[in-house]
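K.L.:
There's a structure below that I have some questions on.
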Amino acid sequence: MTEVVITGAGALCAIASDVTSFTGALRAGVCGVGARGAEGAYAELRPTLCADLAGFDLGSALAGRTERLRRAAVRLAARSPLSVQASVTVALEGWERADLHRRPVPGDRIGLIVAGHNLGGRLAETVRPRYVTSPVHLPARYPLQFMDTDHVGTVSQLLGLTGEGYTVGGASASGNVALINAARLVASGVVDVCLVLGALTDLSDMERQAFYNLGAMAGARGTPAARAGRPFDADREGFVPGQGAACLVLESAASAVRRRAEVWSSLAGYALRLDGNGLADPSLAGETEVMRRALALAGLTPDRIDYVNAHGTGAPLGDEVELTALREVFGSGADGPWVNSTKGLIGHCLCAAGVIEAVATVVQMREGFVHANVNLERPLDPGARLVGATARPAVIGHALSNGFGFGGFNTSVVFGRTGK
């Protein structure tokens, strides 16, 4: 099969507006978790912590992009929902970092896969009062915008993509599911390049409340923001929702050579496995097996992995199961891989989590460090090689990134360092 490499990336989240600032924030241990404003009749019941985008503006976010593309993006997406605007922003960054605007590939040889489903809950919540007041005054584009495929349509129109494209869903594993599908498209020769977008999930108030009622979300009133977002800590209480989007540009190694494109890393292996379980509880067997399958596809033994970007949401049961699975695959002690969770810094970006955490994994490999597990004070497993309160230098030859989702989704992706 064709070797698959990464030639570009884009990132947008609570702590960064692009890949450069994301790298700096990861190294510095910047945490984007804060208090969420309480509004409405049921404000006291809602979780009060978040890692949301602050003051996002499409025009400002696209500053510095190629003028032709910047103008086209503003014209096309100025009235789009926040989630689509975020996808446009990271897609353009990834496109230009891959130098596709100067060293192009024919549009019919470029694919587009968007990781995400049920992305527009807040849009529906915002539009509904207008419908109740006067059904005929619904926004004309609402039938397009409430569908997740609006991301595919908007970005493909902007960049002139006519290869294969679609959305994929796997709950919190959606990002890795998209990466796996894109890698298969490139490896099989269906496309030469495939953009993978982790789409921003814009939760409605009802959806936030539902996660909280389920016991999955942190942020009971009275929990200080400074103590929230605690993956792998004994005092964890659930995930903090984050708003984020990301893009990875996957390309065949041969195409990258033809274009003289800079290669960021290889995508060396992957695996996806279902538990046969429609509930939210994790499976030790499923998580263990999917990591082993990803390593096998990459042709690696566990001792070759230097770093694991864990799923690590801060869930009471989920973190414990994942640490046990990591111990079964990699063993314990100082000889094992470094382990951290990017969600402790940016919150849980839900459908986008796998892609933005893949970007985090790749930039740590390239820059030679592992970011901090902030707020980790009482580790669940003292034998695990969890990164402490500050970033550490690290030589990472191969890294593994996990993504697990409600409904029995287990995914792992392996990246290999190829040099800057």
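Residue names in the structure tokens use chain letters A, B, ... in the order shown, residue numbers from 1 in each chain, and ligand numbers from 1 in the order shown.
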List the neighbours of Leu323 of chain A out to 9 Å using only C-alpha atoms; skip same-chain residues closer than 5 positions along the sequence, and give me the result as a ChimeraX atom specification.
P.N.:
/A:232,310,312,318,328,380-381,384
K.L.:
Output N, CA and C atoms of each residue in that selection to a file, as a JSON list (two decimals), in the first residue's frame.
P.N.:
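Saved as out-v3.json:
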```json
[["chain", "number", "residue", "atom", "x", "y", "z"],
["A", 232, "PHE", "N", -6.91, 11.88, 34.38],
["A", 232, "PHE", "CA", -6.06, 10.94, 35.10],
["A", 232, "PHE", "C", -5.78, 11.34, 36.55],
["A", 310, "ALA", "N", -3.30, 10.47, 24.95],
["A", 310, "ALA", "CA", -4.41, 9.65, 25.43],
["A", 310, "ALA", "C", -5.76, 10.31, 25.17],
["A", 312, "GLY", "N", -8.15, 10.35, 27.44],
["A", 312, "GLY", "CA", -8.12, 11.10, 28.69],
["A", 312, "GLY", "C", -9.07, 12.26, 28.85],
["A", 318, "GLY", "N", -13.78, 6.23, 32.51],
["A", 318, "GLY", "CA", -13.02, 6.20, 31.26],
["A", 318, "GLY", "C", -11.52, 6.32, 31.46],
["A", 328, "GLU", "N", -1.54, -2.58, 30.04],
["A", 328, "GLU", "CA", -1.53, -3.91, 29.44],
["A", 328, "GLU", "C", -0.73, -3.94, 28.14],
["A", 380, "LEU", "N", -3.94, 8.79, 39.05],
["A", 380, "LEU", "CA", -4.63, 7.53, 39.27],
["A", 380, "LEU", "C", -3.66, 6.35, 39.31],
["A", 381, "ASP", "N", -2.64, 6.39, 38.48],
["A", 381, "ASP", "CA", -1.69, 5.30, 38.39],
["A", 381, "ASP", "C", -0.28, 5.87, 38.52],
["A", 384, "ALA", "N", 2.28, 4.88, 35.87],
["A", 384, "ALA", "CA", 2.23, 5.35, 34.49],
["A", 384, "ALA", "C", 3.20, 6.51, 34.30]]
```
K.L.:
Give me, as a Markdown table, the closest atom pair and its distance (Å, one decimal) for every residue of segment 12-121 of chain A within a cut-off of 8 Å of segment 257-267 of chain A, counting only C-alpha atoms, rows sorted by chain and rising number.
P.N.:
```
| residue | atom | partner | partner_atom | distance |
| --- | --- | --- | --- | --- |
| A:Ala98 | CA | A:Ala261 | CA | 6.7 |
| A:Asp99 | CA | A:Ala261 | CA | 7.0 |
| A:Arg103 | CA | A:Arg259 | CA | 6.0 |
| A:Pro104 | CA | A:Arg259 | CA | 7.8 |
```
K.L.:
Can you pull out every residue within 12 Å of His117 of chain A, counting only C-alpha atoms, but drop anything in the same chain fewer than 5 positions away, and send it as a list in words?
P.N.:
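Neighbouring residues, sequence-local ones excluded: Ser83, Phe146, Met147, Asp148, Thr149, Asp150, His151, Tyr166, Thr167, Val168, Gly169, Gly170, Ala171, Ser172, Ala173, Ser174, Gly175, Ala178, Gly198, Ala199, Leu200, Thr201, Asp202, Leu203, Leu350, Cys351 and Ala352 of chain A.
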K.L.:
With C-alpha atoms retained, write the just-selected residues as a compact mmCIF listing (two decimals), in the first residue's frame.
P.N.:
```txt
# COMPACT_ATOMS: atom_id res chain seq x y z
CA SER A 83 -18.94 25.62 13.12
CA PHE A 146 -28.51 22.38 9.67
CA MET A 147 -26.98 19.43 7.78
CA ASP A 148 -23.44 18.46 8.68
CA THR A 149 -22.66 18.13 4.97
CA ASP A 150 -22.64 21.93 4.76
CA HIS A 151 -18.98 21.69 5.85
CA TYR A 166 -18.20 12.87 2.91
CA THR A 167 -18.79 13.21 6.65
CA VAL A 168 -18.13 10.48 9.21
CA GLY A 169 -19.40 10.06 12.75
CA GLY A 170 -18.09 8.07 15.67
CA ALA A 171 -19.03 10.24 18.65
CA SER A 172 -15.82 11.38 20.39
CA ALA A 173 -13.81 9.07 18.14
CA SER A 174 -15.03 10.86 14.98
CA GLY A 175 -11.71 12.57 14.36
CA ALA A 178 -12.01 10.43 9.64
CA GLY A 198 -12.35 17.99 12.66
CA ALA A 199 -15.49 20.10 12.83
CA LEU A 200 -16.41 22.29 15.78
CA THR A 201 -19.35 20.94 17.77
CA ASP A 202 -21.44 23.94 18.83
CA LEU A 203 -23.48 22.49 21.70
CA LEU A 350 -15.97 16.20 20.88
CA CYS A 351 -16.17 15.36 17.16
CA ALA A 352 -13.04 17.41 16.42
```
K.L.:
Hey, what does DSSP flag as alpha helix (DSSP H) within segment 104-312 of chain A? Can you give it to me as a PyMOL selection string?
P.N.:
chain A and resi 121-133+142-145+150-159+174-187+205-214+253-259+284-298
K.L.:
Quick one: residues within 6 Å of segment 285-298 of chain A, only C-alpha atoms, excluding same-chain residues fewer than 6 positions away - as a ChimeraX atom specification?
P.N.:
/A:268-271,325,410,412
K.L.:
Might you pull out every residue within 12 Å of Pro382 of chain A, with only C-alpha atoms counted and same-chain residues fewer than 3 positions away left off, and present them as a list in words?
P.N.:
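What passes the distance filter is Phe232, Asp233, Ala234, Leu323, Thr324, Arg327, Ser332, Gly333, Ala334, Leu376, Glu377, Arg378, Pro379, Arg385, Leu386, Val387 and Gly388 of chain A.
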K.L.:
Identify, on the basis of only C-alpha atoms, every residue whose closest approach to Asp18 of chain A does not exceed 10 Å; exclude the query and any residue fewer than 2 positions from it along the same chain; express the result as a tab-separated table (two decimals) with C-alpha atoms, in the first residue's frame.
P.N.:
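Below you can see part_30.tsv, which holds the result:
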```
chain	number	residue	atom	x	y	z
A	9	ALA	CA	-2.23	21.27	9.36
A	10	GLY	CA	-4.57	23.89	10.77
A	11	ALA	CA	-5.78	24.45	14.32
A	12	LEU	CA	-8.28	26.63	16.16
A	13	CYS	CA	-9.29	26.26	19.80
A	15	ILE	CA	-5.86	28.56	23.45
A	16	ALA	CA	-4.78	29.15	19.85
A	20	THR	CA	2.07	28.22	15.52
A	21	SER	CA	0.20	29.62	18.51
A	22	PHE	CA	-1.11	26.14	19.34
A	23	THR	CA	2.44	24.79	19.52
A	61	ALA	CA	-9.16	34.60	11.69
A	89	THR	CA	-10.49	28.75	8.85
A	90	VAL	CA	-8.55	25.56	9.60
A	93	GLU	CA	-4.49	27.13	7.09
A	94	GLY	CA	-3.90	23.47	6.31
A	246	ALA	CA	-8.56	21.28	13.09
```
K.L.:
Go ahead and compute the interatomic distance for atom CA of Gly314 of chain A and atom CA of Val355 of chain A, in Å to one decimal.
P.N.:
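We find that atom CA of Gly314 of chain A and atom CA of Val355 of chain A lie 18.8 Å from each other.
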K.L.:
Tell me which of A:Gly215, A:Pro81, A:Gly32, A:Gly354 sits closest to Ala280 of chain A, counting only C-alpha atoms.
P.N.:
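The answer is A:Gly215, which sits nearest to Ala280 of chain A.
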